[in-house]
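Engineer: So that you have it, the file is entry09.tsv, and it contains TSV, C-alpha atoms:
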```tsv
chain	number	residue	atom	x	y	z
A	263	MET	CA	-63.18	9.67	37.19
A	264	SER	CA	-59.71	11.18	36.72
A	265	THR	CA	-56.50	9.15	36.77
A	266	TYR	CA	-53.53	10.45	38.74
A	267	ARG	CA	-49.92	9.49	38.23
A	268	LEU	CA	-47.03	10.98	40.23
A	269	TYR	CA	-43.47	10.81	38.91
A	270	TYR	CA	-40.55	11.30	41.32
A	271	PHE	CA	-37.42	9.69	42.68
A	272	ASP	CA	-37.55	6.93	45.27
A	273	GLY	CA	-37.56	9.26	48.25
A	274	ARG	CA	-39.52	11.98	50.04
A	275	GLY	CA	-37.55	15.04	48.90
A	276	ARG	CA	-39.91	17.36	47.06
A	277	GLY	CA	-42.29	14.57	46.06
A	278	GLU	CA	-43.77	13.40	49.35
A	279	VAL	CA	-46.33	16.18	49.89
A	280	PRO	CA	-48.39	15.25	46.79
A	281	ARG	CA	-48.33	11.62	48.03
A	282	LEU	CA	-49.58	12.71	51.48
A	283	ILE	CA	-52.38	14.81	50.00
A	284	LEU	CA	-53.58	12.04	47.66
A	285	THR	CA	-53.41	9.62	50.58
A	286	ALA	CA	-55.33	11.89	52.98
A	287	ALA	CA	-57.96	12.30	50.26
A	288	GLY	CA	-58.25	8.55	49.79
A	289	GLN	CA	-57.47	9.00	46.09
A	290	LYS	CA	-55.76	6.12	44.27
A	291	PHE	CA	-52.72	7.11	42.23
A	292	GLU	CA	-49.79	5.52	40.42
A	293	ASP	CA	-46.71	6.24	42.54
A	294	ILE	CA	-43.91	6.08	39.97
A	295	ARG	CA	-40.42	6.19	41.50
A	296	TYR	CA	-37.42	6.46	39.19
A	297	SER	CA	-33.98	5.39	40.40
A	298	GLU	CA	-31.03	7.69	39.72
A	299	GLY	CA	-30.00	5.33	36.92
A	300	GLU	CA	-33.43	5.28	35.24
A	301	TRP	CA	-34.08	9.02	35.45
A	302	PRO	CA	-31.88	10.31	32.57
A	303	SER	CA	-33.87	8.28	30.02
A	304	HIS	CA	-37.13	9.83	31.25
A	305	LYS	CA	-35.94	13.43	31.71
A	306	SER	CA	-37.12	14.58	28.29
A	307	GLU	CA	-40.62	13.22	28.96
A	308	MET	CA	-41.13	15.87	31.65
A	309	PRO	CA	-42.17	19.41	30.63
A	310	LEU	CA	-39.23	21.09	32.42
A	311	GLY	CA	-36.89	18.10	32.59
A	312	GLN	CA	-37.54	17.88	36.35
A	313	MET	CA	-39.63	16.01	38.89
A	314	PRO	CA	-42.01	15.77	40.68
A	315	VAL	CA	-44.58	15.82	37.91
A	316	LEU	CA	-48.26	15.04	38.32
A	317	GLU	CA	-50.01	13.52	35.33
A	318	ILE	CA	-53.79	14.05	35.38
A	319	ASP	CA	-55.66	12.25	32.60
A	320	GLY	CA	-52.53	12.36	30.48
A	321	PHE	CA	-51.68	16.03	31.12
A	322	LYS	CA	-48.35	16.64	32.85
A	323	LEU	CA	-48.05	19.34	35.55
A	324	PRO	CA	-44.60	20.29	36.92
A	325	GLN	CA	-43.49	22.17	40.10
A	326	SER	CA	-43.90	20.46	43.47
A	327	MET	CA	-45.90	23.13	45.30
A	328	THR	CA	-48.11	23.79	42.27
A	329	VAL	CA	-48.94	20.07	42.25
A	330	ALA	CA	-49.60	20.20	46.01
A	331	ARG	CA	-51.92	23.23	45.77
A	332	PHE	CA	-53.80	21.74	42.80
A	333	LEU	CA	-54.39	18.44	44.59
A	334	ALA	CA	-55.33	20.23	47.82
A	335	ARG	CA	-58.00	22.23	45.98
A	336	GLN	CA	-59.27	19.14	44.10
A	337	PHE	CA	-59.76	17.26	47.35
A	338	HIS	CA	-60.92	20.04	49.69
A	339	LEU	CA	-57.70	20.12	51.66
A	340	ALA	CA	-56.81	23.69	50.67
A	341	GLY	CA	-58.99	25.80	52.97
A	342	LYS	CA	-62.73	26.62	52.85
A	343	ASP	CA	-62.57	29.91	50.95
A	344	ASN	CA	-60.06	32.20	49.28
A	345	LEU	CA	-58.89	33.78	52.55
A	346	GLU	CA	-58.45	30.40	54.30
A	347	GLN	CA	-56.57	29.16	51.25
A	348	ALA	CA	-54.27	32.18	51.49
A	349	LYS	CA	-53.60	31.44	55.18
A	350	ALA	CA	-52.82	27.79	54.38
A	351	GLU	CA	-50.50	28.90	51.58
A	352	ALA	CA	-48.73	31.41	53.83
A	353	VAL	CA	-48.02	28.56	56.28
A	354	ALA	CA	-46.90	26.28	53.43
A	355	ASP	CA	-44.62	29.00	52.00
A	356	THR	CA	-43.05	29.47	55.43
A	357	ALA	CA	-42.32	25.73	55.62
A	358	THR	CA	-40.95	25.86	52.06
A	359	ASP	CA	-38.58	28.67	53.13
A	360	LEU	CA	-37.20	26.23	55.72
A	361	LEU	CA	-36.95	23.39	53.19
A	362	ASN	CA	-35.22	25.60	50.60
A	363	LYS	CA	-32.48	26.38	53.14
A	364	PHE	CA	-32.19	22.92	54.72
A	365	GLY	CA	-32.90	20.66	51.73
A	366	PRO	CA	-29.75	21.51	49.74
A	367	ILE	CA	-27.64	20.78	52.84
A	368	ILE	CA	-29.02	17.30	53.45
A	369	TRP	CA	-29.54	16.38	49.81
A	370	TYR	CA	-26.40	17.70	48.12
A	371	GLU	CA	-23.63	18.47	50.63
A	372	GLU	CA	-20.96	15.94	51.52
A	373	GLU	CA	-19.14	15.27	54.77
A	374	PRO	CA	-17.48	16.85	56.61
A	375	GLN	CA	-19.02	20.12	55.35
A	376	LYS	CA	-22.52	18.67	55.70
A	377	LYS	CA	-22.20	18.14	59.46
A	378	ALA	CA	-20.94	21.70	59.96
A	379	SER	CA	-23.71	23.15	57.79
A	380	ILE	CA	-26.36	21.20	59.70
A	381	GLU	CA	-25.02	22.45	63.04
A	382	LYS	CA	-24.96	26.02	61.74
A	383	PHE	CA	-28.51	25.70	60.43
A	384	PHE	CA	-29.83	24.30	63.72
A	385	ALA	CA	-28.15	27.08	65.69
A	386	ASN	CA	-28.85	30.10	63.50
A	387	GLU	CA	-31.76	29.39	61.14
A	388	LEU	CA	-34.06	26.69	62.43
A	389	PRO	CA	-35.42	28.44	65.56
A	390	LYS	CA	-36.60	31.40	63.48
A	391	HIS	CA	-38.52	29.15	61.06
A	392	LEU	CA	-40.14	27.14	63.85
A	393	ARG	CA	-41.12	30.32	65.71
A	394	ASN	CA	-42.63	31.71	62.51
A	395	LEU	CA	-44.73	28.58	62.02
A	396	GLU	CA	-46.02	28.81	65.60
A	397	THR	CA	-46.80	32.52	65.11
A	398	LEU	CA	-48.94	31.80	62.06
A	399	ALA	CA	-50.63	28.90	63.85
A	400	LYS	CA	-51.64	31.21	66.69
A	401	ALA	CA	-53.04	33.72	64.21
A	402	TYR	CA	-54.91	31.27	61.96
A	403	SER	CA	-55.75	28.10	63.89
A	404	ASN	CA	-58.81	29.40	65.78
A	405	GLY	CA	-57.39	27.78	68.92
A	406	GLY	CA	-57.29	24.30	67.36
A	407	SER	CA	-54.50	21.85	66.54
A	408	PHE	CA	-54.45	22.36	62.79
A	409	PHE	CA	-52.82	25.36	61.15
A	410	VAL	CA	-55.94	26.80	59.53
A	411	GLY	CA	-59.64	26.78	60.29
A	412	ASN	CA	-59.74	23.89	62.70
A	413	GLN	CA	-59.34	21.19	60.09
A	414	LEU	CA	-56.58	19.35	58.23
A	415	THR	CA	-55.23	21.21	55.21
A	416	PHE	CA	-52.22	20.61	52.98
A	417	ALA	CA	-50.37	23.12	55.17
A	418	ASP	CA	-50.37	20.56	58.02
A	419	LEU	CA	-49.17	17.83	55.63
A	420	HIS	CA	-46.39	20.00	54.17
A	421	VAL	CA	-45.13	21.04	57.60
A	422	TYR	CA	-45.28	17.40	58.71
A	423	ASP	CA	-43.07	16.38	55.80
A	424	VAL	CA	-40.62	19.28	56.04
A	425	LEU	CA	-40.09	18.79	59.78
A	426	GLU	CA	-39.38	15.09	59.23
A	427	ASN	CA	-36.02	16.19	57.81
A	428	VAL	CA	-35.25	18.15	60.95
A	429	LEU	CA	-36.44	15.41	63.33
A	430	GLU	CA	-34.19	12.88	61.59
A	431	ILE	CA	-31.26	14.94	62.91
A	432	ASP	CA	-32.70	15.74	66.36
A	433	ASN	CA	-35.72	13.77	67.43
A	434	ASN	CA	-36.45	16.08	70.35
A	435	ILE	CA	-36.37	19.42	68.57
A	436	LEU	CA	-40.12	19.97	68.85
A	437	ASP	CA	-40.08	19.63	72.66
A	438	GLN	CA	-39.56	23.41	72.76
A	439	TYR	CA	-42.39	24.01	70.29
A	440	LEU	CA	-45.45	22.46	71.91
A	441	TRP	CA	-48.02	23.63	69.39
A	442	LEU	CA	-46.01	22.13	66.53
A	443	LYS	CA	-45.53	18.93	68.49
A	444	THR	CA	-49.27	18.56	69.07
A	445	ASN	CA	-50.03	19.45	65.44
A	446	ARG	CA	-47.66	16.71	64.32
A	447	GLN	CA	-49.35	14.18	66.58
A	448	GLU	CA	-52.78	15.14	65.21
A	449	VAL	CA	-51.62	14.71	61.61
A	450	GLY	CA	-50.11	11.36	62.50
A	451	LYS	CA	-53.45	10.25	63.97
A	452	HIS	CA	-55.41	10.85	60.75
A	453	PRO	CA	-56.45	7.26	59.86
A	454	LYS	CA	-55.40	7.29	56.19
A	455	ILE	CA	-52.12	9.08	56.99
A	456	ALA	CA	-51.37	6.76	59.91
A	457	ALA	CA	-51.79	3.68	57.69
A	458	TYR	CA	-49.65	5.23	54.95
A	459	LEU	CA	-46.85	6.20	57.34
A	460	LYS	CA	-46.78	2.72	58.82
A	461	ASN	CA	-46.34	1.07	55.44
A	462	ARG	CA	-44.29	3.48	53.36
A	463	PRO	CA	-40.72	2.52	52.47
A	464	ARG	CA	-37.91	4.09	54.48
A	465	THR	CA	-35.80	6.02	52.02
A	466	ALA	CA	-32.42	7.76	52.10
A	467	PHE	CA	-33.94	11.23	51.63
B	136	MET	CA	-66.68	47.17	50.61
B	137	SER	CA	-63.43	45.28	51.26
B	138	ILE	CA	-60.40	47.08	52.57
B	139	TYR	CA	-57.01	46.16	51.13
B	140	LYS	CA	-53.77	47.47	52.64
B	141	LEU	CA	-50.37	46.44	51.30
B	142	PHE	CA	-47.26	47.04	53.43
B	143	TYR	CA	-43.77	47.00	51.86
B	144	PHE	CA	-40.67	49.08	51.25
B	145	ASN	CA	-40.55	51.81	48.64
B	146	LEU	CA	-39.44	49.30	45.99
B	147	ARG	CA	-40.90	46.94	43.40
B	148	ALA	CA	-39.10	43.74	44.54
B	149	ARG	CA	-41.49	41.33	46.29
B	150	ALA	CA	-44.57	43.57	46.36
B	151	GLU	CA	-44.87	44.80	42.81
B	152	ILE	CA	-46.69	41.71	41.58
B	153	SER	CA	-49.49	42.48	44.04
B	154	ARG	CA	-49.55	46.15	42.98
B	155	LEU	CA	-49.79	45.06	39.33
B	156	ILE	CA	-52.69	42.72	40.16
B	157	PHE	CA	-54.55	45.55	41.93
B	158	ALA	CA	-53.88	47.79	38.91
B	159	ALA	CA	-55.02	45.24	36.32
B	160	ALA	CA	-58.17	44.62	38.37
B	161	GLY	CA	-58.86	48.33	38.81
B	162	GLN	CA	-59.03	47.77	42.58
B	163	LYS	CA	-58.20	50.60	44.99
B	164	PHE	CA	-55.85	49.76	47.87
B	165	GLN	CA	-53.67	51.48	50.45
B	166	ASP	CA	-50.10	51.27	49.13
B	167	VAL	CA	-48.05	51.65	52.34
B	168	ARG	CA	-44.33	52.08	51.56
B	169	TYR	CA	-41.84	52.19	54.43
B	170	GLU	CA	-38.50	53.92	54.03
B	171	ARG	CA	-35.59	51.98	55.57
B	172	ASN	CA	-35.46	54.14	58.72
B	173	GLU	CA	-39.20	53.78	59.34
B	174	TRP	CA	-39.27	50.02	58.93
B	175	LEU	CA	-37.67	49.05	62.26
B	176	SER	CA	-40.46	50.65	64.25
B	177	HIS	CA	-43.09	48.64	62.32
B	178	LYS	CA	-41.30	45.29	62.09
B	179	ASN	CA	-43.08	43.73	65.06
B	180	GLU	CA	-46.49	44.72	63.71
B	181	MET	CA	-45.98	42.11	60.96
B	182	PRO	CA	-46.70	38.41	61.64
B	183	LEU	CA	-43.22	37.17	60.63
B	184	GLY	CA	-41.35	40.43	61.09
B	185	GLN	CA	-41.16	40.72	57.30
B	186	VAL	CA	-42.88	42.48	54.42
B	187	PRO	CA	-44.77	42.38	52.11
B	188	VAL	CA	-47.87	41.87	54.19
B	189	LEU	CA	-51.45	42.23	52.99
B	190	GLU	CA	-54.06	43.37	55.45
B	191	PHE	CA	-57.49	42.29	54.23
B	192	ASN	CA	-60.49	43.25	56.35
B	193	GLY	CA	-58.25	43.21	59.42
B	194	THR	CA	-56.45	39.88	58.76
B	195	LYS	CA	-52.69	40.11	58.07
B	196	LEU	CA	-51.23	37.76	55.45
B	197	PRO	CA	-47.46	37.34	54.95
B	198	GLN	CA	-45.56	35.67	52.07
B	199	SER	CA	-45.42	37.58	48.80
B	200	LEU	CA	-46.67	34.87	46.44
B	201	SER	CA	-49.48	33.71	48.73
B	202	ILE	CA	-50.63	37.32	48.88
B	203	ALA	CA	-50.47	37.68	45.12
B	204	ARG	CA	-52.31	34.40	44.52
B	205	PHE	CA	-55.05	35.45	46.95
B	206	LEU	CA	-55.48	38.77	45.16
B	207	ALA	CA	-55.40	37.12	41.73
B	208	LYS	CA	-58.20	34.77	42.83
B	209	GLN	CA	-60.19	37.67	44.31
B	210	PHE	CA	-60.06	39.48	40.97
B	211	GLN	CA	-60.32	36.60	38.48
B	212	LEU	CA	-56.71	36.87	37.35
B	213	ALA	CA	-55.67	33.45	38.66
B	214	GLY	CA	-57.08	31.12	35.99
B	215	ARG	CA	-60.66	30.09	35.29
B	216	ASP	CA	-60.75	26.75	37.12
B	217	ASN	CA	-58.50	24.61	39.32
B	218	PHE	CA	-56.67	23.18	36.35
B	219	GLU	CA	-55.94	26.59	34.78
B	220	GLN	CA	-54.86	27.89	38.18
B	221	ALA	CA	-52.38	25.04	38.38
B	222	LYS	CA	-50.93	25.94	34.96
B	223	VAL	CA	-50.62	29.57	36.09
B	224	ASP	CA	-48.94	28.44	39.33
B	225	ALA	CA	-46.47	26.28	37.38
B	226	VAL	CA	-45.40	29.35	35.38
B	227	ILE	CA	-45.14	31.43	38.58
B	228	ASP	CA	-42.99	28.80	40.30
B	229	THR	CA	-40.69	28.53	37.27
B	230	ILE	CA	-40.18	32.31	37.17
B	231	ASN	CA	-39.57	32.26	40.91
B	232	ASP	CA	-36.93	29.53	40.57
B	233	ALA	CA	-34.91	31.91	38.37
B	234	MET	CA	-35.30	34.78	40.86
B	235	MET	CA	-34.17	32.56	43.75
B	236	ILE	CA	-30.85	32.10	41.94
B	237	PHE	CA	-30.54	35.77	40.96
B	238	MET	CA	-31.29	37.42	44.31
B	239	PRO	CA	-28.28	36.10	46.28
B	240	ILE	CA	-26.01	36.98	43.35
B	241	ARG	CA	-27.36	40.52	43.35
B	242	ARG	CA	-26.63	40.78	47.09
B	243	GLN	CA	-23.03	39.52	46.69
B	244	GLU	CA	-20.67	42.10	48.15
B	245	ASP	CA	-17.41	40.90	46.55
B	246	GLU	CA	-17.48	42.79	43.24
B	247	MET	CA	-15.23	40.32	41.40
B	248	LYS	CA	-17.24	37.33	42.57
B	249	LYS	CA	-20.51	39.12	41.75
B	250	LYS	CA	-19.36	39.85	38.19
B	251	GLU	CA	-18.40	36.18	37.71
B	252	LEU	CA	-21.70	34.90	39.14
B	253	MET	CA	-23.76	37.34	37.06
B	254	LYS	CA	-21.94	36.20	33.93
B	255	LYS	CA	-22.73	32.54	34.70
B	256	PHE	CA	-26.34	33.41	35.54
B	257	PHE	CA	-27.02	35.18	32.26
B	258	ALA	CA	-24.99	32.74	30.14
B	259	ASP	CA	-26.14	29.40	31.62
B	260	GLN	CA	-28.75	29.51	34.33
B	261	LEU	CA	-31.27	32.05	33.08
B	262	PRO	CA	-31.47	30.66	29.52
B	263	LYS	CA	-32.54	27.30	30.94
B	264	HIS	CA	-35.44	28.95	32.80
B	265	LEU	CA	-36.41	31.14	29.86
B	266	LYS	CA	-36.53	28.09	27.59
B	267	ASN	CA	-38.71	26.34	30.17
B	268	LEU	CA	-41.02	29.36	30.31
B	269	GLU	CA	-41.38	29.37	26.52
B	270	THR	CA	-42.17	25.63	26.72
B	271	LEU	CA	-44.93	26.31	29.26
B	272	GLY	CA	-46.27	29.26	27.25
B	273	LYS	CA	-46.58	27.02	24.21
B	274	LEU	CA	-48.13	24.14	26.21
B	275	TYR	CA	-50.61	26.26	28.17
B	276	GLY	CA	-51.16	29.38	26.09
B	277	ASP	CA	-53.69	27.94	23.60
B	278	GLY	CA	-51.75	29.59	20.78
B	279	GLY	CA	-52.12	33.10	22.21
B	280	PRO	CA	-49.58	35.58	23.60
B	281	PHE	CA	-50.48	35.02	27.28
B	282	PHE	CA	-49.01	32.21	29.35
B	283	VAL	CA	-52.31	30.46	30.08
B	284	GLY	CA	-55.61	30.09	28.28
B	285	ASN	CA	-55.47	33.03	25.91
B	286	HIS	CA	-56.16	35.65	28.57
B	287	LEU	CA	-54.19	37.79	31.02
B	288	THR	CA	-53.39	36.11	34.33
B	289	TRP	CA	-51.02	37.04	37.12
B	290	ALA	CA	-48.43	34.74	35.50
B	291	ASP	CA	-48.03	37.34	32.74
B	292	LEU	CA	-47.83	40.16	35.30
B	293	TYR	CA	-45.21	38.32	37.36
B	294	PHE	CA	-43.09	37.56	34.29
B	295	TYR	CA	-43.34	41.21	33.28
B	296	ASP	CA	-42.12	42.41	36.66
B	297	ILE	CA	-39.31	39.92	37.17
B	298	LEU	CA	-37.93	40.55	33.69
B	299	GLU	CA	-37.95	44.27	34.36
B	300	THR	CA	-35.42	43.62	37.13
B	301	LEU	CA	-33.35	41.22	35.01
B	302	LEU	CA	-33.35	43.57	32.02
B	303	TYR	CA	-31.92	46.33	34.22
B	304	ALA	CA	-29.02	43.96	34.97
B	305	ASN	CA	-28.65	42.75	31.38
B	306	GLU	CA	-30.66	44.53	28.69
B	307	ASN	CA	-30.05	41.74	26.15
B	308	CYS	CA	-31.27	38.77	28.18
B	309	LEU	CA	-34.54	38.40	26.23
B	310	ASN	CA	-33.09	38.93	22.76
B	311	ASN	CA	-33.40	35.28	21.71
B	312	TYR	CA	-36.89	34.73	23.09
B	313	ALA	CA	-39.44	36.18	20.68
B	314	TRP	CA	-42.49	34.66	22.37
B	315	LEU	CA	-41.47	35.95	25.80
B	316	LYS	CA	-40.69	39.39	24.40
B	317	GLN	CA	-44.11	39.58	22.75
B	318	ASN	CA	-45.78	38.44	25.99
B	319	ARG	CA	-44.32	41.49	27.78
B	320	VAL	CA	-45.52	43.77	24.99
B	321	GLU	CA	-49.06	42.42	25.40
B	322	VAL	CA	-48.96	43.09	29.15
B	323	GLU	CA	-47.84	46.69	28.58
B	324	LYS	CA	-50.74	47.19	26.17
B	325	GLN	CA	-53.42	46.32	28.77
B	326	PRO	CA	-55.03	49.75	29.38
B	327	LYS	CA	-55.18	49.66	33.20
B	328	VAL	CA	-51.65	48.22	33.40
B	329	ALA	CA	-50.32	50.81	30.91
B	330	GLU	CA	-51.82	53.61	33.02
B	331	TYR	CA	-50.27	52.20	36.21
B	332	LEU	CA	-46.83	51.72	34.59
B	333	LYS	CA	-46.86	55.32	33.40
B	334	ASN	CA	-47.51	56.78	36.84
B	335	ARG	CA	-45.79	54.48	39.35
B	336	PRO	CA	-42.52	55.38	41.16
B	337	LYS	CA	-39.44	54.15	39.26
B	338	SER	CA	-37.33	51.41	40.85
B	339	THR	CA	-34.55	49.19	39.42
B	340	MET	CA	-35.33	46.51	41.98
```
Now that the file is in, can you turn its structure into structure tokens?
Structural biologist:
Amino acid sequence: MSTYRLYYFDGRGRGEVPRLILTAAGQKFEDIRYSEGEWPSHKSEMPLGQMPVLEIDGFKLPQSMTVARFLARQFHLAGKDNLEQAKAEAVADTATDLLNKFGPIIWYEEEPQKKASIEKFFANELPKHLRNLETLAKAYSNGGSFFVGNQLTFADLHVYDVLENVLEIDNNILDQYLWLKTNRQEVGKHPKIAAYLKNRPRTAF
Amino acid sequence: MSIYKLFYFNLRARAEISRLIFAAAGQKFQDVRYERNEWLSHKNEMPLGQVPVLEFNGTKLPQSLSIARFLAKQFQLAGRDNFEQAKVDAVIDTINDAMMIFMPIRRQEDEMKKKELMKKFFADQLPKHLKNLETLGKLYGDGGPFFVGNHLTWADLYFYDILETLLYANENCLNNYAWLKQNRVEVEKQPKVAEYLKNRPKSTM
């Protein structure tokens, strides 16, 4: 029986997807959350001086999406075979493209530039990313509500988390993207995820 | 017999890692290279209007690293089990982090600004990533010259390719990193890779 320990800040950021995967899998884990003040004294304990880090039986693994893919494969949330896994990863990478553009704006920019950047992103960038996600869904979902192969994979969980950032700005944005809206509802209905979402702390990021 | 078709521009850039994996595996594939003027007429044949795309037995997969990971797993160049694959992925993601900083700098049109950003990249930003990569090589490499588990994986191929691009921009950037330098030498020595490197079209990017 392996022990899992996740190290991150007290927020979603780049650390929430591993939490969602472990939760969907029903796997207990230590959810370590360092405050900004605590972090500097722990930085040198991490292989690359960064978080999130997953510790499995004492071995530390860095890089958020590497951790996500590893956990997804451990708990059969990655896709049934190599090709399905590639489809799930293509969806996840497309969501990461969105997060890599939007994340720095909401995490690091300050007002008033932040408001302008968000408006610019919503007008010029966001529609393309959402359209791309729906395009892949149509190609890979076999007509179902999950991105790949008619069952929940980490791709659904990653998209769920990434779009949370967008919905915090405009709660209605998915009204124009019905497949994504339905997918989100289906993820939210998953019993273990539903319970987790109800009880998790609301955080600043 | 599986059919592999790779679509990209006539460049190394985001497709070369996949070409190197095919080469190391000794796997034949259709290497479709679009010139700039051809590309526009093929753009809407691709799922996200982008390349590279891998067509495998009729299914089209976008996203360069998802494609490469799929191919690496097909040809046993991804790591021998889930844990090794995660170590390989962590190296890949760390290399990619460096490239994500470099690419926008390379595209910078203001020559003065570009020169300044390049200087900062090679003096401050890249060394941090190279040190991290040496850390991972020492943690995961089992004392050998390859990044993970004492055998060639696509992590070594990706490092080889990305550094080719960086060395064109600054031929001294690996001077202080003996382990990383030796890793590239080992990759070049692999017979199938050596053969491929000798015969492929030359490209600085």
Engineer: Which residue out of B:Leu183, B:Leu301, B:Leu146, B:Leu141 has the minimum interatomic distance to chain A when all atoms listed in the file are used?
Structural biologist: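 Answer, going by the shortest atom-to-atom distance: B:Leu183.
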Engineer: Can I get the residues of chain A within 8 Å of chain B, each with the closest pair of atoms and their distance in Å to one decimal, using all atoms listed in the file, sorted chain first then ascending number, as a tab-separated table?
Structural biologist:
```
residue	atom	partner	partner_atom	distance
A:Pro309	CA	B:Thr270	CA	7.3
A:Leu310	CA	B:Asn267	CA	5.7
A:Leu323	CA	B:Lys222	CA	7.2
A:Pro324	CA	B:Ala225	CA	6.3
A:Gln325	CA	B:Ala225	CA	5.8
A:Thr328	CA	B:Asp224	CA	5.6
A:Val329	CA	B:Ala221	CA	7.2
A:Arg331	CA	B:Ala221	CA	7.6
A:Phe332	CA	B:Ala221	CA	5.7
A:Arg335	CA	B:Asn217	CA	7.1
A:Gln336	CA	B:Asn217	CA	7.3
A:Asn344	CA	B:Phe205	CA	6.4
A:Leu345	CA	B:Phe205	CA	7.0
A:Gln347	CA	B:Phe205	CA	7.8
A:Ala348	CA	B:Phe205	CA	5.6
A:Lys349	CA	B:Leu196	CA	6.8
A:Glu351	CA	B:Ser201	CA	5.7
A:Ala352	CA	B:Gln198	CA	5.6
A:Asp355	CA	B:Gln198	CA	6.7
A:Thr356	CA	B:Gln198	CA	7.5
A:Asn394	CA	B:Leu183	CA	5.8
A:Thr397	CA	B:Pro182	CA	6.8
A:Leu398	CA	B:Pro182	CA	7.0
```
Engineer: Would you compute the distance between atom CA of Phe294 of chain B and atom CA of Pro326 of chain B? Give it in Å to one decimal.
Structural biologist: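 Taking atom CA of Phe294 of chain B and atom CA of Pro326 of chain B, their separation equals 17.8 Å.
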Engineer: Just the residues within 12 Å of Glu278 of chain A, please, counting all atoms listed in the file, with nothing from its chain fewer than 6 positions along; format it as a ChimeraX atom specification.
Structural biologist: /A:268-272,284-285,293-295,313-315,326-327,329-330,416,419-424,426-427,458-459,462-463,465,467
Engineer: When you count only C-alpha atoms, which of these residues is closest to Lys322 of chain A: B:Asp166, B:Tyr275, B:Asn172, B:Gln325?
Structural biologist: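 Of B:Asp166, B:Tyr275, B:Asn172, B:Gln325, the one nearest Lys322 of chain A, counting only C-alpha atoms, is B:Tyr275.
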Engineer: Counting all atoms listed in the file, what is within 12 Å of segment 410-413 of chain A, bar same-chain residues fewer than 3 positions away, as a PDB file with C-alpha atoms, in the frame of the given file?
Structural biologist:
```
ATOM      1  CA  HIS A 338     -60.920  20.040  49.690  1.00  0.00           C
ATOM      2  CA  LEU A 339     -57.700  20.120  51.660  1.00  0.00           C
ATOM      3  CA  ALA A 340     -56.810  23.690  50.670  1.00  0.00           C
ATOM      4  CA  GLY A 341     -58.990  25.800  52.970  1.00  0.00           C
ATOM      5  CA  LYS A 342     -62.730  26.620  52.850  1.00  0.00           C
ATOM      6  CA  ASP A 343     -62.570  29.910  50.950  1.00  0.00           C
ATOM      7  CA  LEU A 345     -58.890  33.780  52.550  1.00  0.00           C
ATOM      8  CA  GLU A 346     -58.450  30.400  54.300  1.00  0.00           C
ATOM      9  CA  GLN A 347     -56.570  29.160  51.250  1.00  0.00           C
ATOM     10  CA  ALA A 348     -54.270  32.180  51.490  1.00  0.00           C
ATOM     11  CA  LYS A 349     -53.600  31.440  55.180  1.00  0.00           C
ATOM     12  CA  ALA A 350     -52.820  27.790  54.380  1.00  0.00           C
ATOM     13  CA  GLU A 351     -50.500  28.900  51.580  1.00  0.00           C
ATOM     14  CA  ALA A 352     -48.730  31.410  53.830  1.00  0.00           C
ATOM     15  CA  VAL A 353     -48.020  28.560  56.280  1.00  0.00           C
ATOM     16  CA  ALA A 354     -46.900  26.280  53.430  1.00  0.00           C
ATOM     17  CA  LEU A 395     -44.730  28.580  62.020  1.00  0.00           C
ATOM     18  CA  GLU A 396     -46.020  28.810  65.600  1.00  0.00           C
ATOM     19  CA  LEU A 398     -48.940  31.800  62.060  1.00  0.00           C
ATOM     20  CA  ALA A 399     -50.630  28.900  63.850  1.00  0.00           C
ATOM     21  CA  LYS A 400     -51.640  31.210  66.690  1.00  0.00           C
ATOM     22  CA  ALA A 401     -53.040  33.720  64.210  1.00  0.00           C
ATOM     23  CA  TYR A 402     -54.910  31.270  61.960  1.00  0.00           C
ATOM     24  CA  SER A 403     -55.750  28.100  63.890  1.00  0.00           C
ATOM     25  CA  ASN A 404     -58.810  29.400  65.780  1.00  0.00           C
ATOM     26  CA  GLY A 405     -57.390  27.780  68.920  1.00  0.00           C
ATOM     27  CA  GLY A 406     -57.290  24.300  67.360  1.00  0.00           C
ATOM     28  CA  SER A 407     -54.500  21.850  66.540  1.00  0.00           C
ATOM     29  CA  PHE A 416     -52.220  20.610  52.980  1.00  0.00           C
ATOM     30  CA  ALA A 417     -50.370  23.120  55.170  1.00  0.00           C
ATOM     31  CA  ASP A 418     -50.370  20.560  58.020  1.00  0.00           C
ATOM     32  CA  LEU A 419     -49.170  17.830  55.630  1.00  0.00           C
ATOM     33  CA  ASN A 445     -50.030  19.450  65.440  1.00  0.00           C
ATOM     34  CA  GLU A 448     -52.780  15.140  65.210  1.00  0.00           C
ATOM     35  CA  VAL A 449     -51.620  14.710  61.610  1.00  0.00           C
ATOM     36  CA  HIS A 452     -55.410  10.850  60.750  1.00  0.00           C
TER      37      HIS A 452
END
```
Engineer: What is the atom CA of Ile368 of chain A to atom CA of Leu265 of chain B distance in Å?
Structural biologist: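 Atom CA of Ile368 of chain A sits 28.3 Å away from atom CA of Leu265 of chain B.
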Engineer: Quick one: of A:Ala378, A:Gln447, A:Phe384, A:Asn461, who's nearest to Ile435 of chain A, counting all atoms listed in the file?
Structural biologist: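 For Ile435 of chain A, the nearest of the given residues is A:Phe384.
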Engineer: Enumerate, as a ChimeraX atom specification, the protein, DNA and RNA residues whose atoms approach (-41.7, 44.8, 50.3) to within 12 Å, taking into account only C-alpha atoms and the coordinate frame of the file.
Structural biologist: /B:141-154,166-171,174,178,181,184-189,197-200,202,340
Engineer: Give me the residues within 8 Å of Tyr139 of chain B as number ranges by chain, counting all atoms listed in the file and dropping any in the same chain fewer than 4 places off.
Structural biologist: B: 163-165, 189-192
